[in-house]
Amino acid sequence: MTEDYEVTSSVGAVAAGPPEAARVGARILEQGGNAFDAAVAASMACCMLQPQSTGVGGYVLCAVVLEGATGNVWTIDSNSIAPRAAHENMYTILPTGTIDGINENEYDCNVKDNANVHGSLAIGPPGMMAGMGTIWERWGQLKWPEVVAPSLKLLEDGFPFGSTAASIKHLEGVIRKFEATEKHLIPEGRLPDPDDIWHRRDMEKTLARVAEAGWQDFYTGEIGRKIVDHVQATGGILTAEDMSEFKPRVTEPYSTTYRGAEVHSAILPNGGLSSLQILNMWECLDPIPDDTVTYWHQFAEILKLAWRDRLLHLGDPEHVDVPVERLLSKAYAAGRMETILQFPDSVDQLVPPHMGDSNDGTLHVSSADSGGNVVSVTISQGGAFGSLVTVPDTGVILGHGMCRLDPRPGRKNSVASGKRPLNNTVPLILRLPDRDVAAGMPGGRRIIAVNARVAQKIIDFGATSLEAVSGPRMHMQTNEPVSVTNELPDEIKDGLIEMGHEITTVGGLGGGIHCAEYLKADDTVRAGGNTWSAGVT
């Protein structure tokens with residue numbers, strides 16, 4: 001089930017899940033903050049309210065932002081980096097079928113003790129706090145304590161466990177192996193109910209420290225020292241140098257045009273390149289309505305091509321050779337589409353080697369203001385609660401960025417010292433003649449396809465934020481079957497099957513999509529989004 005919403009404002013608007021995080025961002029705008037302040041405050045509130053999805057110790061913040069005053073677009077890559085001591089043989093590889101989870105699903109292997117997923121060997125420098133701090137420092141206009149204050153208020157008042165309760169229950173057996181994590185997530189020794197009020201007292205102390213000392217304290221100050229000391233005491237390889245040297249990258253984004261509109265997304269090793277590739281290939285075809293079998297057939301065939309390129313070529317360009325310029329070129333897209341153009345009704349039945357799948361553990365925030373500032377931020381803990389390592393007396397649950405690197409040696413995304421892991425975050429900014437739009441969503445590998453379709457609906461069909469987030473979804477990787485949501489009409493699914501597609505119908509693909517738009521004609525803002533029920537597939 002989903003709940004769709006849309007708001008308009010003469011000041012600014014924020015779209016995010018959980019809803020209270022969006023309200024935090026809205027109050028920041030009311031206090032005189034801009035879209036950057038609001039996005040940071042809403043992201044921090046997400047860290048308080050839904051730590052299974054993200055946290056101040058989460059491994060990645062990935063954003064694309066538009067400066068209203070200059071028209072410049074930037075990407076912020078605050079992706080965790082493998083510690084200096086990391087190397088491609090640091091994990092012991094086991095056969096599949098021994099431990100169900102990320103390694104089995106994504107890498108077709110397992111790792112002894114699940115060491116790249118849970119525990120201190122899964123931890124690199126956390127990107128989340130540095131990403132929030134960098135956005136605020138470069139573009140915010142409120143004082144830092146004012147941006148932190150709403151999250152401190154949430155902690156002081158307490159709030160229901162909500163969906164976090166189900167995540168705790170699901171991982172209870174692992175949580176209870178980590179004393180500080182058990183104390184923080186199961187504070188009374190019993191599994192919490194969704195309606196139980198949670199007081200994250202240790203996190204409250206940490207956030208008060210961050211508000212006073214600044215976000216850099218998380219890396220070079222008192223909090224940073226606590227993180228390093230605990231990780232090293234429990235078998236990890238993270239050092240004070242790894243923390244102090246960690247800096248988000250602020251660069252020009254990857255960009256393309258789609259039927260005349262500008263589309264901007266995050267640089268590698270984030271996921272934007274693949275969504276832009278999909279749009280480049282889609283542009284080779286004439287626009288057709290999305291209530292036809294042909295539309296969904298074309299979409300499925302394009303996804304196969306994009307995913308084969310993604311899993312074959314992509315990694316951290318500072319460590320492996322990635323032909324970025326070629327993959328983003330219109331000529332390359334045209335070449336990839338030649339077979340589809342010549343044989344439009346053909347279904348590609350090639351079955352490449354198994355490439356796995358991924359889980360969901362992410363949130364997204366979009367914001368815009370009447371000054372034309374537009375912000376798209378995707379934030380992630382990785383899998384639920386990340387590494388499950390909580391730094392004692394801080395409430396900081398550390399992400400597991402190391403599990404986003406392939407534990408098997410000799411591959412594009414294998415572990416290496418100082419390497420950034422390939423991930424699926426795809427924050428988008430679209431620039432059209434009448435409006436600028438921020439869009440994004442959580443959902444693991446499903447983000448690639450669904451976000452591309454959101455952009456296509458906005459540009460080809462003129463969809464508003466509300467219209468863009470609604471409707472059927474499709475996901476597939478290198479080969480059949482194709483996953484589609486229940487909203488896709490039976491007659492279209494039947495038509496796809498008649499063409500030769502193998503169709504799997506699911507309740508949901510990814511999480512809620514959140515969009516925010518700056519409308520140029522009257523300097524107003526519109527935001528829309530939806531909230532998907534927990535446990536979507």
# chains A, B, ... in the order shown; residues from 1 in each chain; ligands from 1
>>> residues_around(residues="segment 514-516 of chain A", least_positions_apart="5", cutoff="7 Å", atoms="only C-alpha atoms", output="PyMOL selection string")
chain A and resi 13-16+364-368+437-441+465+526-530
>>> select_by_dssp(residues="segment 269-498 of chain A", states="alpha helix (DSSP H)", output="PyMOL selection string")
chain A and resi 272-282+293-313+324-327+330-336+338-342+446-461+465-469+490-498
>>> atom_distance(atom1="atom CA of Leu276 of chain A", atom2="atom CA of Asp291 of chain A")
23.0 Å
>>> residues_around(residues="segment 223-235 of chain A", least_positions_apart="4", cutoff="9 Å", atoms="only C-alpha atoms", output="list in words")
Gly119, Ser120, Leu121, Ile123, Thr206, Arg209, Val210, Gln216, Asp217, Phe218, Tyr219, Thr239, Ala240, Met243, Ser244, Val389, Thr390, Val391, Pro392, Thr394, Val396 and Leu398 of chain A
>>> residues_around(residues="Gly395 of chain A", least_positions_apart="6", cutoff="9 Å", atoms="only C-alpha atoms", output="PyMOL selection string")
chain A and resi 180-181+184+200-206
>>> write_last_selection(atoms="C-alpha atoms", output="mmCIF file, in the first residue's frame")
data_model
loop_
_atom_site.group_PDB
_atom_site.id
_atom_site.type_symbol
_atom_site.label_atom_id
_atom_site.label_comp_id
_atom_site.auth_asym_id
_atom_site.auth_seq_id
_atom_site.Cartn_x
_atom_site.Cartn_y
_atom_site.Cartn_z
ATOM 1 C CA ALA A 180 26.117 -1.875 22.929
ATOM 2 C CA THR A 181 23.720 -2.375 20.010
ATOM 3 C CA HIS A 184 20.543 0.829 22.341
ATOM 4 C CA ARG A 200 17.783 7.481 22.369
ATOM 5 C CA ARG A 201 19.651 9.017 25.305
ATOM 6 C CA ASP A 202 23.139 8.119 24.091
ATOM 7 C CA MET A 203 22.382 9.580 20.662
ATOM 8 C CA GLU A 204 21.028 12.678 22.359
ATOM 9 C CA LYS A 205 24.422 13.208 24.033
ATOM 10 C CA THR A 206 26.211 12.677 20.734
#
>>> residues_around(residues="Pro18 of chain A", least_positions_apart="3", cutoff="10 Å", atoms="only C-alpha atoms", output="PyMOL selection string")
chain A and resi 15+21-23+42+45-46+49-50+162-163+363-365+512+531
>>> write_last_selection(atoms="N, CA, C and O atoms", output="PDB file, in the first residue's frame")
ATOM      1  N   ALA A  15      10.212  16.864   0.471  1.00  0.00           N
ATOM      2  CA  ALA A  15       9.585  15.556   0.345  1.00  0.00           C
ATOM      3  C   ALA A  15      10.552  14.525   0.905  1.00  0.00           C
ATOM      4  O   ALA A  15      11.720  14.490   0.519  1.00  0.00           O
ATOM      5  N   ALA A  21      10.289  13.565   9.227  1.00  0.00           N
ATOM      6  CA  ALA A  21      11.517  14.168   8.711  1.00  0.00           C
ATOM      7  C   ALA A  21      11.190  15.280   7.724  1.00  0.00           C
ATOM      8  O   ALA A  21      11.858  16.328   7.710  1.00  0.00           O
ATOM      9  N   ALA A  22      10.178  15.075   6.887  1.00  0.00           N
ATOM     10  CA  ALA A  22       9.749  16.133   5.969  1.00  0.00           C
ATOM     11  C   ALA A  22       9.236  17.338   6.743  1.00  0.00           C
ATOM     12  O   ALA A  22       9.491  18.493   6.372  1.00  0.00           O
ATOM     13  N   ARG A  23       8.521  17.094   7.836  1.00  0.00           N
ATOM     14  CA  ARG A  23       8.021  18.209   8.644  1.00  0.00           C
ATOM     15  C   ARG A  23       9.166  18.977   9.292  1.00  0.00           C
ATOM     16  O   ARG A  23       9.111  20.208   9.434  1.00  0.00           O
ATOM     17  N   ALA A  42      16.334  17.558   7.478  1.00  0.00           N
ATOM     18  CA  ALA A  42      15.459  16.407   7.240  1.00  0.00           C
ATOM     19  C   ALA A  42      16.264  15.113   7.208  1.00  0.00           C
ATOM     20  O   ALA A  42      15.831  14.073   7.734  1.00  0.00           O
ATOM     21  N   ALA A  45      17.111  14.146  10.709  1.00  0.00           N
ATOM     22  CA  ALA A  45      15.926  13.595  11.378  1.00  0.00           C
ATOM     23  C   ALA A  45      15.685  12.158  10.949  1.00  0.00           C
ATOM     24  O   ALA A  45      15.295  11.308  11.755  1.00  0.00           O
ATOM     25  N   CYS A  46      15.924  11.855   9.671  1.00  0.00           N
ATOM     26  CA  CYS A  46      15.819  10.460   9.206  1.00  0.00           C
ATOM     27  C   CYS A  46      16.752   9.558  10.005  1.00  0.00           C
ATOM     28  O   CYS A  46      16.398   8.427  10.358  1.00  0.00           O
ATOM     29  N   LEU A  49      15.065   8.899  13.383  1.00  0.00           N
ATOM     30  CA  LEU A  49      13.778   8.217  13.367  1.00  0.00           C
ATOM     31  C   LEU A  49      13.850   6.808  12.792  1.00  0.00           C
ATOM     32  O   LEU A  49      13.066   5.945  13.180  1.00  0.00           O
ATOM     33  N   GLN A  50      14.751   6.561  11.861  1.00  0.00           N
ATOM     34  CA  GLN A  50      14.750   5.282  11.141  1.00  0.00           C
ATOM     35  C   GLN A  50      16.175   4.768  10.963  1.00  0.00           C
ATOM     36  O   GLN A  50      16.685   4.667   9.855  1.00  0.00           O
ATOM     37  N   GLY A 162       8.018   2.693  15.724  1.00  0.00           N
ATOM     38  CA  GLY A 162       7.498   2.577  14.373  1.00  0.00           C
ATOM     39  C   GLY A 162       8.064   1.387  13.635  1.00  0.00           C
ATOM     40  O   GLY A 162       8.194   0.284  14.176  1.00  0.00           O
ATOM     41  N   SER A 163       8.465   1.611  12.360  1.00  0.00           N
ATOM     42  CA  SER A 163       8.950   0.504  11.531  1.00  0.00           C
ATOM     43  C   SER A 163      10.270  -0.070  12.035  1.00  0.00           C
ATOM     44  O   SER A 163      10.633  -1.201  11.681  1.00  0.00           O
ATOM     45  N   LEU A 363      17.083   5.846   2.383  1.00  0.00           N
ATOM     46  CA  LEU A 363      16.016   6.851   2.358  1.00  0.00           C
ATOM     47  C   LEU A 363      16.420   7.954   1.391  1.00  0.00           C
ATOM     48  O   LEU A 363      17.585   8.071   0.997  1.00  0.00           O
ATOM     49  N   HIS A 364      15.442   8.796   1.037  1.00  0.00           N
ATOM     50  CA  HIS A 364      15.722   9.906   0.125  1.00  0.00           C
ATOM     51  C   HIS A 364      14.994  11.161   0.588  1.00  0.00           C
ATOM     52  O   HIS A 364      13.868  11.093   1.095  1.00  0.00           O
ATOM     53  N   VAL A 365      15.665  12.316   0.382  1.00  0.00           N
ATOM     54  CA  VAL A 365      15.107  13.625   0.709  1.00  0.00           C
ATOM     55  C   VAL A 365      15.264  14.528  -0.505  1.00  0.00           C
ATOM     56  O   VAL A 365      16.361  14.626  -1.081  1.00  0.00           O
ATOM     57  N   GLY A 512       9.524   4.677  -1.150  1.00  0.00           N
ATOM     58  CA  GLY A 512       8.812   5.862  -1.593  1.00  0.00           C
ATOM     59  C   GLY A 512       9.686   6.775  -2.442  1.00  0.00           C
ATOM     60  O   GLY A 512      10.858   6.975  -2.165  1.00  0.00           O
ATOM     61  N   THR A 531       4.804   6.978   0.357  1.00  0.00           N
ATOM     62  CA  THR A 531       5.404   6.171   1.407  1.00  0.00           C
ATOM     63  C   THR A 531       4.950   4.740   1.215  1.00  0.00           C
ATOM     64  O   THR A 531       3.758   4.449   1.300  1.00  0.00           O
TER      65      THR A 531
END
>>> closest_residue(among="A:Ala63, A:Leu422, A:Val374, A:Met44", to="Arg435 of chain A", atoms="only C-alpha atoms")
A:Val374
>>> residues_around(residues="Thr164 of chain A", least_positions_apart="2", cutoff="12 Å", atoms="only C-alpha atoms", output="count of residues only")
36
